[in-house]
2 protein chains.
Amino acid sequence: MKRAKKKIFADFIAQRGLKTTKQRDIILDSFLSSDRHLSIEELYLKLRAKHPNIGYATVYRTLKLFAEAGLAREMQFGDGQTRYEHVGEGEHHDHLVCTRCGHIEEFENETIEKLQDEVANSRGFLVERHRLELYGLCSGCRK
Amino acid sequence: MKRAKKKIFADFIAQRGLKTTKQRDIILDSFLSSDRHLSIEELYLKLRAKHPNIGYATVYRTLKLFAEAGLAREMQFGDGQTRYEHVGEGEHHDHLVCTRCGHIEEFENETIEKLQDEVANSRGFLVERHRLELYGLCSGCRK
DNA sequence: AAGTCGATGAATATCACTTTCATGATGGCG
DNA sequence: CGCCATCATGAAAGTGATATTCATCGACTT
């Protein structure tokens with residue numbers, strides 16, 4: 001699966017006439033083996049540990065590229081940082097966000113999705129995407 | 001209702017030992033007779049038309065004050081600006097956001113709320129608040 | 001191997017707030 | 001009514017995160 005995503009990115013790069021670089025390889029590797037909701041800063045710091053000469057701007061630009069390639073999605077959880085979430089094939093999910101420890105869980109609910117479409121239809125809206133986040137305390141922090 | 005909200009704010013001001021000022025009166029008036037999802041910038045520009053000497057910082061601080069007083073709520077719709085939404089008594093609603101014209105509509109759906117709680121419970125989460133936004137084209141922009 | 005054009009990193013710019021600071025008002029008190 | 005301790009205001013400066021610039025570097029075609 002990691003292999004498949006690398007292929008997707010390689011194809012994207014080729015198709016756009018862009019170039020393969022050491023940095024892009026390293027960043028993609030690191031991204032693919034990371035937490036599913038990483039901020040630019042977090043990924044940058046993680047990378048710096050092993051590759052002290054990778055610049056913040058490169059991480060920033062590469063993450064944007066991942067989003068364009070369909071490998072990642074930009075998300076905001078209200079902590080002032082944009083986070084990049086991994087994107088699988090056609091998959092969608094919503095989030096549970098712990099307001100105490102910052103932990104983020106994912107969930108899916110077919111029924112909720114259906115109801116959303118109903119609401120939109122009744123208003124003449126054509127929904128392209130949605131976001132649903134539940135903020136509160138995770139099981140660990142409730143103690 | 002506008003009268004009631006002014007009363008709420010007056011009480012809030014008094015209770016905190018703050019002061020009534022011309023600016024606060026003007027800003028509250030303008031806020032109450034505005035679109036329900038105004039950004040600081042938008043309200044500031046609207047105000048400048050009639051009151052050229054009101055500063056951005058004052059609008060900013062006053063809006064924060066409205067939020068503390070329970071008259072407004074800060075919201076993010078992904079356009080990079082914080083918007084202040086009017087808050088009624090204990091009311092809650094979600095949003096339909098048009099990605100083309102920026103139009104924002106509100107809706108409520110009891111069943112969706114219930115399903116959200118079920119999902120959270122099954123994960124051991126205690127939900128404090130949530131956000132649900134449907135992004136797409138409004139009826140006007142679909143043509 | 002050489003040239004062309006995208007990629008990189010450091011530095012700088014932007015953007016939307018957020019805070020500071022000198023000056024102006026408000027409202028409790030005598 | 002006038003004082004004056006405090007809070008409020010507006011202009012300007014500060015922040016934090018993101019976005020862009022620019023000189024230089026490195027891929028990939030020929």
# chains A, B, ... in the order shown; residues from 1 in each chain; ligands from 1

call {"tool": "interface_residues", "arguments": {"of": "chain A", "to": "chain D", "cutoff": "8 Å", "atoms": "only C-alpha atoms (C1' of nucleotides)", "output": "list in words"}}
result
Lys19, Thr20, Thr21, Gly80 and Gln81 of chain A

call {"tool": "write_last_selection", "arguments": {"atoms": "C-alpha atoms", "output": "compact mmCIF listing (two decimals), in the first residue's frame"}}
result
# COMPACT_ATOMS: atom_id res chain seq x y z
CA LYS A 19 11.07 16.02 -11.14
CA THR A 20 11.97 13.26 -8.75
CA THR A 21 14.24 14.49 -5.98
CA GLY A 80 -4.36 27.01 14.36
CA GLN A 81 -2.37 24.51 12.32

call {"tool": "residues_around", "arguments": {"residues": "Lys64 of chain B", "least_positions_apart": "5", "cutoff": "10 Å", "atoms": "only C-alpha atoms (C1' of nucleotides)", "output": "JSON list (two decimals) with C-alpha atoms, in the first residue's frame"}}
result
[["chain", "number", "residue", "atom", "x", "y", "z"],
["B", 40, "ILE", "CA", -14.21, 41.02, 11.54],
["B", 58, "THR", "CA", -12.00, 48.02, 18.57],
["B", 59, "VAL", "CA", -14.21, 45.95, 16.28],
["B", 69, "ALA", "CA", -21.23, 37.63, 26.60],
["B", 70, "GLY", "CA", -22.83, 34.73, 24.74],
["B", 71, "LEU", "CA", -24.22, 36.85, 21.91],
["B", 72, "ALA", "CA", -21.87, 35.53, 19.26],
["B", 73, "ARG", "CA", -19.83, 32.48, 18.46],
["B", 74, "GLU", "CA", -16.54, 32.27, 16.57],
["B", 84, "TYR", "CA", -18.95, 35.61, 14.15]]

call {"tool": "select_by_dssp", "arguments": {"residues": "chain B", "states": "strand (DSSP E or B)", "output": "PDB file with C-alpha atoms, in the first residue's frame"}}
result
ATOM      1  CA  HIS B  37     -21.922  35.031   9.582  1.00  0.00           C
ATOM      2  CA  LEU B  38     -19.806  38.132   9.439  1.00  0.00           C
ATOM      3  CA  SER B  39     -16.025  38.315   9.587  1.00  0.00           C
ATOM      4  CA  ALA B  72     -21.871  35.525  19.264  1.00  0.00           C
ATOM      5  CA  ARG B  73     -19.831  32.483  18.457  1.00  0.00           C
ATOM      6  CA  GLU B  74     -16.536  32.267  16.569  1.00  0.00           C
ATOM      7  CA  MET B  75     -16.627  30.006  13.548  1.00  0.00           C
ATOM      8  CA  GLN B  76     -14.233  28.942  10.801  1.00  0.00           C
ATOM      9  CA  THR B  82     -12.945  33.887  11.599  1.00  0.00           C
ATOM     10  CA  ARG B  83     -16.641  34.586  11.353  1.00  0.00           C
ATOM     11  CA  TYR B  84     -18.946  35.608  14.146  1.00  0.00           C
ATOM     12  CA  GLU B  85     -22.299  33.963  14.156  1.00  0.00           C
ATOM     13  CA  HIS B  86     -25.301  35.195  16.102  1.00  0.00           C
ATOM     14  CA  ASP B  94     -25.131  23.249  11.361  1.00  0.00           C
ATOM     15  CA  HIS B  95     -24.206  24.822   8.043  1.00  0.00           C
ATOM     16  CA  LEU B  96     -24.477  24.527   4.318  1.00  0.00           C
ATOM     17  CA  VAL B  97     -21.702  26.563   2.706  1.00  0.00           C
ATOM     18  CA  CYS B  98     -21.682  27.465  -0.973  1.00  0.00           C
ATOM     19  CA  ILE B 104     -24.099  30.215   4.235  1.00  0.00           C
ATOM     20  CA  GLU B 105     -27.354  28.561   5.249  1.00  0.00           C
ATOM     21  CA  GLU B 106     -28.224  26.937   8.537  1.00  0.00           C
ATOM     22  CA  PHE B 107     -30.018  23.731   9.295  1.00  0.00           C
ATOM     23  CA  LEU B 126     -17.765  12.500  25.797  1.00  0.00           C
ATOM     24  CA  VAL B 127     -18.860  15.096  23.234  1.00  0.00           C
ATOM     25  CA  GLU B 128     -18.790  18.727  24.260  1.00  0.00           C
ATOM     26  CA  ARG B 129     -19.606  20.259  20.906  1.00  0.00           C
ATOM     27  CA  HIS B 130     -19.485  19.442  17.264  1.00  0.00           C
ATOM     28  CA  ARG B 131     -19.316  21.024  13.880  1.00  0.00           C
ATOM     29  CA  LEU B 132     -20.961  19.809  10.743  1.00  0.00           C
ATOM     30  CA  GLU B 133     -20.617  21.649   7.484  1.00  0.00           C
ATOM     31  CA  LEU B 134     -21.743  20.637   4.046  1.00  0.00           C
ATOM     32  CA  TYR B 135     -19.803  22.341   1.265  1.00  0.00           C
ATOM     33  CA  GLY B 136     -21.122  22.523  -2.266  1.00  0.00           C
ATOM     34  CA  LEU B 137     -23.198  24.622  -4.613  1.00  0.00           C
TER      35      LEU B 137
END

call {"tool": "closest_atom_pairs", "arguments": {"of": "chain C", "to": "chain B", "cutoff": "9 Å", "atoms": "only C-alpha atoms (C1' of nucleotides)", "output": "Markdown table"}}
result
| residue | atom | partner | partner_atom | distance |
| --- | --- | --- | --- | --- |
| C:DC15 | C1' | B:Gly80 | CA | 8.9 |
| C:DA16 | C1' | B:Gln81 | CA | 7.1 |
| C:DC17 | C1' | B:Tyr60 | CA | 8.8 |
| C:DT18 | C1' | B:Ala57 | CA | 8.8 |
| C:DA25 | C1' | B:Thr21 | CA | 7.9 |
| C:DT26 | C1' | B:Lys19 | CA | 6.4 |
| C:DG27 | C1' | B:Lys19 | CA | 8.2 |

call {"tool": "write_last_selection", "arguments": {"atoms": "all heavy atoms", "output": "compact mmCIF listing (two decimals), in the first residue's frame"}}
result
# COMPACT_ATOMS: atom_id res chain seq x y z
P DC C 15 -1.57 39.74 1.31
OP1 DC C 15 -2.07 39.56 -0.06
OP2 DC C 15 -1.45 41.10 1.91
O5' DC C 15 -2.46 38.86 2.28
C5' DC C 15 -2.06 37.54 2.60
C4' DC C 15 -2.79 37.10 3.85
O4' DC C 15 -1.83 36.94 4.92
C3' DC C 15 -3.85 38.06 4.36
O3' DC C 15 -5.00 37.30 4.70
C2' DC C 15 -3.21 38.71 5.57
C1' DC C 15 -2.28 37.61 6.08
N1 DC C 15 -1.08 38.04 6.81
C2 DC C 15 -0.54 37.16 7.77
O2 DC C 15 -1.11 36.09 7.99
N3 DC C 15 0.58 37.53 8.44
C4 DC C 15 1.17 38.70 8.17
N4 DC C 15 2.28 39.00 8.85
C5 DC C 15 0.64 39.61 7.20
C6 DC C 15 -0.48 39.23 6.54
P DA C 16 -6.43 38.00 4.95
OP1 DA C 16 -7.46 37.27 4.17
OP2 DA C 16 -6.31 39.46 4.84
O5' DA C 16 -6.67 37.63 6.48
C5' DA C 16 -6.59 36.28 6.87
C4' DA C 16 -6.44 36.19 8.37
O4' DA C 16 -5.12 36.63 8.74
C3' DA C 16 -7.42 37.07 9.15
O3' DA C 16 -7.87 36.35 10.29
C2' DA C 16 -6.58 38.27 9.53
C1' DA C 16 -5.23 37.61 9.76
N9 DA C 16 -4.09 38.52 9.69
C8 DA C 16 -3.94 39.65 8.93
N7 DA C 16 -2.80 40.30 9.12
C5 DA C 16 -2.15 39.52 10.07
C6 DA C 16 -0.91 39.65 10.72
N6 DA C 16 -0.07 40.67 10.51
N1 DA C 16 -0.57 38.71 11.61
C2 DA C 16 -1.41 37.69 11.84
N3 DA C 16 -2.61 37.45 11.30
C4 DA C 16 -2.93 38.42 10.42
P DC C 17 -9.18 36.82 11.05
OP1 DC C 17 -9.54 35.73 11.97
OP2 DC C 17 -10.17 37.30 10.08
O5' DC C 17 -8.68 38.07 11.89
C5' DC C 17 -8.56 38.00 13.28
C4' DC C 17 -7.29 37.28 13.69
O4' DC C 17 -6.15 37.81 12.98
C3' DC C 17 -7.02 37.45 15.17
O3' DC C 17 -6.52 36.23 15.71
C2' DC C 17 -5.96 38.54 15.21
C1' DC C 17 -5.19 38.30 13.91
N1 DC C 17 -4.57 39.53 13.37
C2 DC C 17 -3.27 39.85 13.77
O2 DC C 17 -2.68 39.11 14.56
N3 DC C 17 -2.70 40.98 13.29
C4 DC C 17 -3.35 41.76 12.44
N4 DC C 17 -2.74 42.85 11.98
C5 DC C 17 -4.69 41.44 12.01
C6 DC C 17 -5.25 40.33 12.49
P DT C 18 -6.84 36.00 17.36
OP1 DT C 18 -6.42 34.63 17.70
OP2 DT C 18 -8.22 36.45 17.65
O5' DT C 18 -5.85 37.02 18.08
C5' DT C 18 -4.46 36.70 18.12
C4' DT C 18 -3.68 37.78 18.80
O4' DT C 18 -3.45 38.90 17.92
C3' DT C 18 -4.31 38.37 20.08
O3' DT C 18 -3.42 38.08 21.14
C2' DT C 18 -4.43 39.87 19.77
C1' DT C 18 -3.39 40.07 18.69
N1 DT C 18 -3.61 41.18 17.73
C2 DT C 18 -2.56 42.05 17.51
O2 DT C 18 -1.51 41.99 18.12
N3 DT C 18 -2.80 43.01 16.57
C4 DT C 18 -3.95 43.19 15.83
O4 DT C 18 -4.01 44.09 14.99
C5 DT C 18 -5.02 42.27 16.12
C7 DT C 18 -6.30 42.38 15.38
C6 DT C 18 -4.80 41.31 17.04
P DA C 25 -12.40 62.11 23.81
OP1 DA C 25 -12.91 62.61 22.54
OP2 DA C 25 -12.11 63.05 24.93
O5' DA C 25 -13.44 61.04 24.36
C5' DA C 25 -13.15 60.40 25.53
C4' DA C 25 -14.12 59.28 25.76
O4' DA C 25 -13.48 58.37 26.66
C3' DA C 25 -15.38 59.74 26.48
O3' DA C 25 -16.42 58.80 26.23
C2' DA C 25 -14.95 59.74 27.93
C1' DA C 25 -13.88 58.64 27.98
N9 DA C 25 -12.68 59.03 28.71
C8 DA C 25 -11.88 60.13 28.48
N7 DA C 25 -10.84 60.21 29.29
C5 DA C 25 -10.96 59.09 30.09
C6 DA C 25 -10.17 58.60 31.15
N6 DA C 25 -9.07 59.20 31.59
N1 DA C 25 -10.57 57.47 31.74
C2 DA C 25 -11.68 56.85 31.30
N3 DA C 25 -12.50 57.21 30.31
C4 DA C 25 -12.08 58.35 29.74
P DT C 26 -17.85 58.95 26.97
OP1 DT C 26 -18.82 58.29 26.10
OP2 DT C 26 -18.01 60.36 27.38
O5' DT C 26 -17.70 58.06 28.28
C5' DT C 26 -17.43 56.67 28.15
C4' DT C 26 -17.47 56.00 29.52
O4' DT C 26 -16.32 56.37 30.30
C3' DT C 26 -18.70 56.37 30.35
O3' DT C 26 -19.18 55.17 30.97
C2' DT C 26 -18.17 57.35 31.39
C1' DT C 26 -16.72 56.86 31.56
N1 DT C 26 -15.72 57.87 31.96
C2 DT C 26 -14.82 57.53 32.96
O2 DT C 26 -14.84 56.48 33.54
N3 DT C 26 -13.87 58.50 33.22
C4 DT C 26 -13.74 59.73 32.62
O4 DT C 26 -12.84 60.49 32.96
C5 DT C 26 -14.72 60.02 31.60
C7 DT C 26 -14.67 61.33 30.89
C6 DT C 26 -15.65 59.09 31.32
P DG C 27 -20.66 55.04 31.54
OP1 DG C 27 -21.21 53.69 31.25
OP2 DG C 27 -21.41 56.26 31.15
O5' DG C 27 -20.38 55.11 33.11
C5' DG C 27 -19.52 54.16 33.71
C4' DG C 27 -19.22 54.60 35.14
O4' DG C 27 -18.33 55.74 35.12
C3' DG C 27 -20.46 55.05 35.93
O3' DG C 27 -20.22 54.75 37.29
C2' DG C 27 -20.44 56.55 35.75
C1' DG C 27 -18.95 56.80 35.83
N9 DG C 27 -18.43 58.04 35.28
C8 DG C 27 -18.99 58.86 34.33
N7 DG C 27 -18.24 59.90 34.03
C5 DG C 27 -17.13 59.74 34.84
C6 DG C 27 -15.98 60.57 34.98
O6 DG C 27 -15.69 61.60 34.38
N1 DG C 27 -15.09 60.05 35.92
C2 DG C 27 -15.29 58.88 36.65
N2 DG C 27 -14.33 58.56 37.51
N3 DG C 27 -16.36 58.12 36.54
C4 DG C 27 -17.23 58.61 35.62

call {"tool": "select_by_dssp", "arguments": {"residues": "chain B", "states": "helix (DSSP H, G or I)", "output": "PyMOL selection string"}}
result
chain B and resi 2-15+22-32+40-50+56-69+110-122+139-142

call {"tool": "write_last_selection", "arguments": {"atoms": "C-alpha atoms", "output": "PDB file, in the first residue's frame"}}
result
ATOM      1  CA  LYS B   2     -32.646  43.059  19.370  1.00  0.00           C
ATOM      2  CA  ARG B   3     -33.696  44.867  22.511  1.00  0.00           C
ATOM      3  CA  ALA B   4     -33.239  41.698  24.548  1.00  0.00           C
ATOM      4  CA  LYS B   5     -29.732  41.170  23.260  1.00  0.00           C
ATOM      5  CA  LYS B   6     -28.788  44.741  24.050  1.00  0.00           C
ATOM      6  CA  LYS B   7     -29.986  44.138  27.559  1.00  0.00           C
ATOM      7  CA  ILE B   8     -27.893  41.004  27.809  1.00  0.00           C
ATOM      8  CA  PHE B   9     -24.820  42.873  26.704  1.00  0.00           C
ATOM      9  CA  ALA B  10     -25.500  45.822  29.020  1.00  0.00           C
ATOM     10  CA  ASP B  11     -25.804  43.423  31.933  1.00  0.00           C
ATOM     11  CA  PHE B  12     -22.640  41.631  30.934  1.00  0.00           C
ATOM     12  CA  ILE B  13     -20.757  44.931  30.746  1.00  0.00           C
ATOM     13  CA  ALA B  14     -22.048  46.047  34.123  1.00  0.00           C
ATOM     14  CA  GLN B  15     -21.375  42.760  35.826  1.00  0.00           C
ATOM     15  CA  LYS B  22     -20.350  54.952  21.850  1.00  0.00           C
ATOM     16  CA  GLN B  23     -18.297  52.454  19.880  1.00  0.00           C
ATOM     17  CA  ARG B  24     -19.709  49.420  21.627  1.00  0.00           C
ATOM     18  CA  ASP B  25     -23.241  50.654  21.051  1.00  0.00           C
ATOM     19  CA  ILE B  26     -22.597  51.264  17.385  1.00  0.00           C
ATOM     20  CA  ILE B  27     -20.852  47.939  16.853  1.00  0.00           C
ATOM     21  CA  LEU B  28     -23.573  45.978  18.638  1.00  0.00           C
ATOM     22  CA  ASP B  29     -26.253  47.701  16.582  1.00  0.00           C
ATOM     23  CA  SER B  30     -24.450  46.959  13.387  1.00  0.00           C
ATOM     24  CA  PHE B  31     -23.746  43.377  14.369  1.00  0.00           C
ATOM     25  CA  LEU B  32     -27.353  42.706  15.288  1.00  0.00           C
ATOM     26  CA  ILE B  40     -14.210  41.015  11.545  1.00  0.00           C
ATOM     27  CA  GLU B  41     -13.093  42.595   8.305  1.00  0.00           C
ATOM     28  CA  GLU B  42     -16.615  42.667   6.890  1.00  0.00           C
ATOM     29  CA  LEU B  43     -18.114  44.245   9.957  1.00  0.00           C
ATOM     30  CA  TYR B  44     -15.241  46.698  10.152  1.00  0.00           C
ATOM     31  CA  LEU B  45     -15.757  47.812   6.549  1.00  0.00           C
ATOM     32  CA  LYS B  46     -19.484  48.083   7.040  1.00  0.00           C
ATOM     33  CA  LEU B  47     -18.917  50.273  10.075  1.00  0.00           C
ATOM     34  CA  ARG B  48     -16.319  52.466   8.419  1.00  0.00           C
ATOM     35  CA  ALA B  49     -18.926  53.630   5.923  1.00  0.00           C
ATOM     36  CA  LYS B  50     -20.827  55.515   8.601  1.00  0.00           C
ATOM     37  CA  TYR B  56     -10.167  47.690  13.503  1.00  0.00           C
ATOM     38  CA  ALA B  57      -8.845  46.757  16.925  1.00  0.00           C
ATOM     39  CA  THR B  58     -12.000  48.016  18.569  1.00  0.00           C
ATOM     40  CA  VAL B  59     -14.209  45.947  16.282  1.00  0.00           C
ATOM     41  CA  TYR B  60     -11.978  42.954  16.940  1.00  0.00           C
ATOM     42  CA  ARG B  61     -12.099  43.376  20.713  1.00  0.00           C
ATOM     43  CA  THR B  62     -15.807  44.083  20.779  1.00  0.00           C
ATOM     44  CA  LEU B  63     -16.641  40.995  18.778  1.00  0.00           C
ATOM     45  CA  LYS B  64     -14.604  38.929  21.240  1.00  0.00           C
ATOM     46  CA  LEU B  65     -16.626  40.549  23.982  1.00  0.00           C
ATOM     47  CA  PHE B  66     -19.875  39.571  22.266  1.00  0.00           C
ATOM     48  CA  ALA B  67     -18.628  36.019  22.206  1.00  0.00           C
ATOM     49  CA  GLU B  68     -17.835  36.123  25.913  1.00  0.00           C
ATOM     50  CA  ALA B  69     -21.233  37.627  26.604  1.00  0.00           C
ATOM     51  CA  GLU B 110     -32.245  15.976  15.389  1.00  0.00           C
ATOM     52  CA  THR B 111     -31.532  12.524  13.995  1.00  0.00           C
ATOM     53  CA  ILE B 112     -28.004  13.399  12.943  1.00  0.00           C
ATOM     54  CA  GLU B 113     -27.294  14.714  16.426  1.00  0.00           C
ATOM     55  CA  LYS B 114     -28.525  11.477  17.951  1.00  0.00           C
ATOM     56  CA  LEU B 115     -26.372   9.380  15.664  1.00  0.00           C
ATOM     57  CA  GLN B 116     -23.358  11.478  16.544  1.00  0.00           C
ATOM     58  CA  ASP B 117     -23.864  10.799  20.218  1.00  0.00           C
ATOM     59  CA  GLU B 118     -24.178   7.099  19.522  1.00  0.00           C
ATOM     60  CA  VAL B 119     -20.922   7.050  17.618  1.00  0.00           C
ATOM     61  CA  ALA B 120     -19.157   8.971  20.368  1.00  0.00           C
ATOM     62  CA  ASN B 121     -20.509   6.709  23.077  1.00  0.00           C
ATOM     63  CA  SER B 122     -19.381   3.599  21.282  1.00  0.00           C
ATOM     64  CA  SER B 139     -29.395  26.352  -5.577  1.00  0.00           C
ATOM     65  CA  GLY B 140     -28.573  29.711  -7.143  1.00  0.00           C
ATOM     66  CA  CYS B 141     -25.054  28.709  -8.182  1.00  0.00           C
ATOM     67  CA  ARG B 142     -26.076  25.353  -9.660  1.00  0.00           C
TER      68      ARG B 142
END

call {"tool": "atom_distance", "arguments": {"atom1": "atom CA of Gly124 of chain B", "atom2": "atom CA of Gly90 of chain B"}}
result
25.3 Å

call {"tool": "closest_residue", "arguments": {"among": "C:DG3, C:DG9, C:DT20, C:DC29", "to": "Ile54 of chain A", "atoms": "only C-alpha atoms (C1' of nucleotides)"}}
result
C:DG9

call {"tool": "atom_distance", "arguments": {"atom1": "atom CA of Ser34 of chain B", "atom2": "atom C1' of DG24 of chain C"}}
result
29.0 Å

call {"tool": "closest_residue", "arguments": {"among": "A:Cys138, A:Asn53, A:Lys143, A:Arg100", "to": "chain B", "atoms": "only C-alpha atoms"}}
result
A:Cys138

call {"tool": "closest_residue", "arguments": {"among": "B:Gly17, B:Gly102, B:Gly88, B:Gly78", "to": "chain A", "atoms": "only C-alpha atoms"}}
result
B:Gly78
